[in-house]
Amino acid sequence: MTKKARVLLIVCFLSALLLLGTAFYTQTYYHADETAIEALSSDELVNVSQTDYGWFFDGPSEEDAFIFYPGGKVEETAYAPLLRRLAEEGVDVMLVSMPARLAILDVDAAQKVLAEYEYEHWYIGGHSLGGASTALYASENEDKFDGIILLGSFSTKPLEDIRVLFIYGSEDQVLNMEKYIDNRANVPECAEEYVIEGGNHAQFGSYGVQQGDGSATISGEEQVEITVNLIISFLQEATQ
């Protein structure tokens, strides 16, 4: 075998390994649990439907809408319990499905959602990598939103003229607190921050235990309910 042929063979072998590794990485993710699957059912208060962008939680609201990006490598439907409760309490929610379950691969996904509906008040946000990705979009589109909601997340880009709500659990071991603190300078001083005592990173969704996370001392249902109350209060303040 010639030297050129050996080099070509090595390149092909390494390329194959890279493709296999990428495929394995993107297909290894956290799955929605049974509670989340049940929350996808419609009832007289909230109609849940699958759309071309993901899922639509259509509740009684006709004025307020919330675009939500899921956390990295988490099945988007894992957030159904949280988003359904928000819809019940007065904000319609658009849950966006992401390529390879990584919101960073489609930061501008909100643009399509905004073009599809007409609401008086728009909010955007997400969990973990999803939250950081919405902050990237919002940093260049602040005029489109009345607020941004970051769950176990932070903004790596300046958000200068938009209301910001941070929520994270006291037992969250996935959120990099050093980066969180460093990036607080990217948001207005009036940004609101709430720590859910006993909550962790994973329980904003319903997908089980997340690697590296702390152990929650409250139930997932409790963490979701606290989160819903905080978000609804934030939305109500924005429209007063």
# chains A, B, ... in the order shown; residues from 1 in each chain; ligands from 1
call {"tool": "residues_around", "arguments": {"residues": "stretch 28-31 of chain A", "least_positions_apart": "6", "cutoff": "8 Å", "atoms": "only C-alpha atoms", "output": "list of chain:residue names"}}
result
A:Lys73, A:Val74, A:Glu75, A:Ala78, A:Arg101, A:Tyr207, A:Gly208, A:Gln210
call {"tool": "residues_around", "arguments": {"residues": "stretch 117-125 of chain A", "least_positions_apart": "3", "cutoff": "6 Å", "atoms": "only C-alpha atoms", "output": "PyMOL selection string"}}
result
chain A and resi 63-68+114+131+134+145-150
call {"tool": "residues_around", "arguments": {"residues": "A:Asn141", "least_positions_apart": "3", "cutoff": "10 Å", "atoms": "only C-alpha atoms", "output": "list in words"}}
result
Gln111, Ala135, Leu136, Tyr137, Ala138, Lys144, Phe145, Leu159 and Ile162 of chain A
call {"tool": "select_by_dssp", "arguments": {"residues": "stretch 18-177 of chain A", "states": "strand (DSSP E or B)", "output": "ChimeraX atom specification"}}
result
/A:30,47-50,54-58,64-69,74,92-96,121-127,147-151,164-169
call {"tool": "write_last_selection", "arguments": {"atoms": "N, CA and C atoms", "output": "CSV table (one decimal), in the first residue's frame"}}
result
chain,number,residue,atom,x,y,z
A,30,TYR,N,-32.3,12.3,27.4
A,30,TYR,CA,-33.2,12.1,28.4
A,30,TYR,C,-34.6,12.0,27.9
A,47,ASN,N,-56.0,22.8,25.2
A,47,ASN,CA,-55.9,21.9,24.0
A,47,ASN,C,-54.4,21.8,23.6
A,48,VAL,N,-53.9,20.6,23.6
A,48,VAL,CA,-52.5,20.3,23.3
A,48,VAL,C,-52.5,19.7,21.9
A,49,SER,N,-51.7,20.3,21.0
A,49,SER,CA,-51.6,19.8,19.6
A,49,SER,C,-50.2,19.8,19.2
A,50,GLN,N,-49.8,18.9,18.3
A,50,GLN,CA,-48.5,18.8,17.7
A,50,GLN,C,-48.5,19.7,16.5
A,54,GLY,N,-43.3,22.1,16.8
A,54,GLY,CA,-43.2,21.3,18.1
A,54,GLY,C,-44.6,21.0,18.7
A,55,TRP,N,-44.9,21.8,19.8
A,55,TRP,CA,-46.2,21.5,20.4
A,55,TRP,C,-46.8,22.9,20.9
A,56,PHE,N,-48.1,22.9,20.8
A,56,PHE,CA,-48.9,24.1,21.2
A,56,PHE,C,-49.8,23.8,22.3
A,57,PHE,N,-49.6,24.5,23.5
A,57,PHE,CA,-50.5,24.4,24.6
A,57,PHE,C,-51.4,25.6,24.6
A,58,ASP,N,-52.6,25.4,24.2
A,58,ASP,CA,-53.6,26.4,23.9
A,58,ASP,C,-54.6,26.5,25.1
A,64,ASP,N,-51.5,36.6,25.9
A,64,ASP,CA,-50.1,36.2,26.3
A,64,ASP,C,-49.7,34.9,25.8
A,65,ALA,N,-48.4,34.9,25.3
A,65,ALA,CA,-47.8,33.7,24.7
A,65,ALA,C,-46.4,33.6,25.1
A,66,PHE,N,-45.9,32.4,25.3
A,66,PHE,CA,-44.6,32.0,25.8
A,66,PHE,C,-43.9,31.0,24.9
A,67,ILE,N,-42.8,31.4,24.3
A,67,ILE,CA,-42.1,30.5,23.4
A,67,ILE,C,-41.0,29.8,24.3
A,68,PHE,N,-41.0,28.5,24.3
A,68,PHE,CA,-40.1,27.7,25.2
A,68,PHE,C,-39.2,26.8,24.5
A,69,TYR,N,-37.9,26.9,24.8
A,69,TYR,CA,-36.8,26.0,24.2
A,69,TYR,C,-36.4,25.0,25.3
A,74,VAL,N,-32.6,16.7,26.0
A,74,VAL,CA,-33.8,16.4,26.7
A,74,VAL,C,-35.0,16.3,25.7
A,92,ASP,N,-50.6,31.0,26.8
A,92,ASP,CA,-50.4,29.9,25.8
A,92,ASP,C,-48.9,29.7,25.6
A,93,VAL,N,-48.6,28.4,25.4
A,93,VAL,CA,-47.1,28.1,25.3
A,93,VAL,C,-46.9,27.3,24.0
A,94,MET,N,-45.8,27.8,23.3
A,94,MET,CA,-45.3,27.1,22.1
A,94,MET,C,-44.0,26.4,22.5
A,95,LEU,N,-44.0,25.1,22.5
A,95,LEU,CA,-42.8,24.3,22.9
A,95,LEU,C,-42.1,23.9,21.6
A,96,VAL,N,-40.9,24.3,21.4
A,96,VAL,CA,-40.1,24.2,20.2
A,96,VAL,C,-39.3,22.9,20.2
A,121,HIS,N,-48.9,40.2,24.0
A,121,HIS,CA,-47.7,40.1,24.8
A,121,HIS,C,-46.9,38.8,24.5
A,122,TRP,N,-45.7,38.9,24.2
A,122,TRP,CA,-44.8,37.7,23.9
A,122,TRP,C,-43.7,37.6,25.0
A,123,TYR,N,-43.5,36.3,25.4
A,123,TYR,CA,-42.4,36.0,26.3
A,123,TYR,C,-41.6,34.9,25.7
A,124,ILE,N,-40.3,34.8,26.0
A,124,ILE,CA,-39.5,33.7,25.5
A,124,ILE,C,-38.6,33.2,26.7
A,125,GLY,N,-38.2,32.0,26.6
A,125,GLY,CA,-37.4,31.4,27.7
A,125,GLY,C,-37.2,29.9,27.5
A,126,GLY,N,-36.5,29.3,28.4
A,126,GLY,CA,-36.2,27.9,28.3
A,126,GLY,C,-35.4,27.4,29.5
A,127,HIS,N,-35.1,26.1,29.4
A,127,HIS,CA,-34.4,25.5,30.5
A,127,HIS,C,-32.9,25.2,30.0
A,147,GLY,N,-40.6,40.0,28.1
A,147,GLY,CA,-39.8,39.4,29.1
A,147,GLY,C,-39.1,38.1,28.7
A,148,ILE,N,-38.1,37.7,29.4
A,148,ILE,CA,-37.4,36.4,29.1
A,148,ILE,C,-37.3,35.7,30.5
A,149,ILE,N,-37.5,34.3,30.4
A,149,ILE,CA,-37.5,33.5,31.6
A,149,ILE,C,-36.5,32.4,31.5
A,150,LEU,N,-35.5,32.4,32.4
A,150,LEU,CA,-34.4,31.4,32.3
A,150,LEU,C,-34.4,30.5,33.5
A,151,LEU,N,-34.7,29.2,33.2
A,151,LEU,CA,-34.7,28.2,34.2
A,151,LEU,C,-33.4,27.4,34.3
A,164,VAL,N,-36.2,40.3,32.9
A,164,VAL,CA,-35.5,39.0,33.0
A,164,VAL,C,-35.9,38.3,34.3
A,165,LEU,N,-36.3,37.1,34.2
A,165,LEU,CA,-36.6,36.3,35.4
A,165,LEU,C,-35.7,35.0,35.4
A,166,PHE,N,-34.9,34.9,36.5
A,166,PHE,CA,-34.0,33.7,36.7
A,166,PHE,C,-34.7,32.8,37.8
A,167,ILE,N,-34.8,31.6,37.5
A,167,ILE,CA,-35.2,30.6,38.5
A,167,ILE,C,-34.3,29.4,38.5
A,168,TYR,N,-33.8,29.0,39.6
A,168,TYR,CA,-33.0,27.8,39.7
A,168,TYR,C,-33.2,27.1,41.1
A,169,GLY,N,-32.9,25.8,41.2
A,169,GLY,CA,-33.0,25.1,42.4
A,169,GLY,C,-31.8,25.2,43.3
call {"tool": "select_by_dssp", "arguments": {"residues": "stretch 123-170 of chain A", "states": "alpha helix (DSSP H)", "output": "list in words"}}
result
Leu129, Gly130, Gly131, Ala132, Ser133, Thr134, Ala135, Leu136, Tyr137, Ala138 and Ser139 of chain A
call {"tool": "closest_residue", "arguments": {"among": "A:Glu192, A:Glu116, A:Glu88, A:Glu76", "to": "A:Ser206", "atoms": "only C-alpha atoms"}}
result
A:Glu76
call {"tool": "closest_residue", "arguments": {"among": "A:Leu86, A:Leu175, A:Ala185, A:Ala191", "to": "A:Ala39", "atoms": "only C-alpha atoms"}}
result
A:Leu86
call {"tool": "closest_residue", "arguments": {"among": "A:Met98, A:Val107, A:Leu40, A:Ile196", "to": "A:Glu140", "atoms": "only C-alpha atoms"}}
result
A:Val107
call {"tool": "closest_residue", "arguments": {"among": "A:Ser128, A:Ser61, A:Thr77, A:Gln173", "to": "A:Gly90", "atoms": "only C-alpha atoms"}}
result
A:Ser61
call {"tool": "closest_atom_pairs", "arguments": {"of": "stretch 192-223 of chain A", "to": "stretch 229-235 of chain A", "cutoff": "12 Å", "atoms": "only C-alpha atoms", "output": "Markdown table"}}
result
| residue | atom | partner | partner_atom | distance |
| --- | --- | --- | --- | --- |
| A:Glu192 | CA | A:Phe234 | CA | 8.7 |
| A:Glu193 | CA | A:Leu230 | CA | 10.0 |
| A:Tyr194 | CA | A:Leu230 | CA | 8.2 |
| A:Val195 | CA | A:Leu230 | CA | 10.5 |
| A:Ile196 | CA | A:Leu230 | CA | 10.0 |
| A:Glu222 | CA | A:Asn229 | CA | 10.7 |
| A:Gln223 | CA | A:Asn229 | CA | 10.1 |
call {"tool": "write_last_selection", "arguments": {"atoms": "C-alpha atoms", "output": "CSV table (one decimal), in the first residue's frame"}}
result
chain,number,residue,atom,x,y,z
A,192,GLU,CA,-35.5,39.0,39.2
A,193,GLU,CA,-33.9,35.9,40.7
A,194,TYR,CA,-35.6,33.2,42.7
A,195,VAL,CA,-34.0,30.1,44.2
A,196,ILE,CA,-36.4,27.2,44.7
A,222,GLU,CA,-43.8,20.9,43.9
A,223,GLN,CA,-41.0,22.4,41.9
call {"tool": "atom_distance", "arguments": {"atom1": "atom CA of A:Thr156", "atom2": "atom CA of A:Asp108"}}
result
15.8 Å
call {"tool": "closest_residue", "arguments": {"among": "A:Pro158, A:Arg84, A:Val46, A:Glu38", "to": "A:Arg184", "atoms": "only C-alpha atoms"}}
result
A:Pro158
call {"tool": "atom_distance", "arguments": {"atom1": "atom CA of A:Asp43", "atom2": "atom CA of A:Ala115"}}
result
26.7 Å
call {"tool": "closest_atom_pairs", "arguments": {"of": "stretch 136-189 of chain A", "to": "stretch 197-200 of chain A", "cutoff": "6 Å", "atoms": "only C-alpha atoms", "output": "Markdown table"}}
result
| residue | atom | partner | partner_atom | distance |
| --- | --- | --- | --- | --- |
| A:Gly169 | CA | A:Gly199 | CA | 4.1 |
| A:Ser170 | CA | A:Glu197 | CA | 5.1 |
| A:Glu171 | CA | A:Asn200 | CA | 4.6 |
| A:Asp172 | CA | A:Asn200 | CA | 4.1 |
call {"tool": "closest_residue", "arguments": {"among": "A:Ser153, A:Glu160, A:Glu178, A:Gln203", "to": "A:Asp33", "atoms": "only C-alpha atoms"}}
result
A:Gln203
call {"tool": "atom_distance", "arguments": {"atom1": "atom CA of A:Ala216", "atom2": "atom CA of A:Glu34"}}
result
19.4 Å
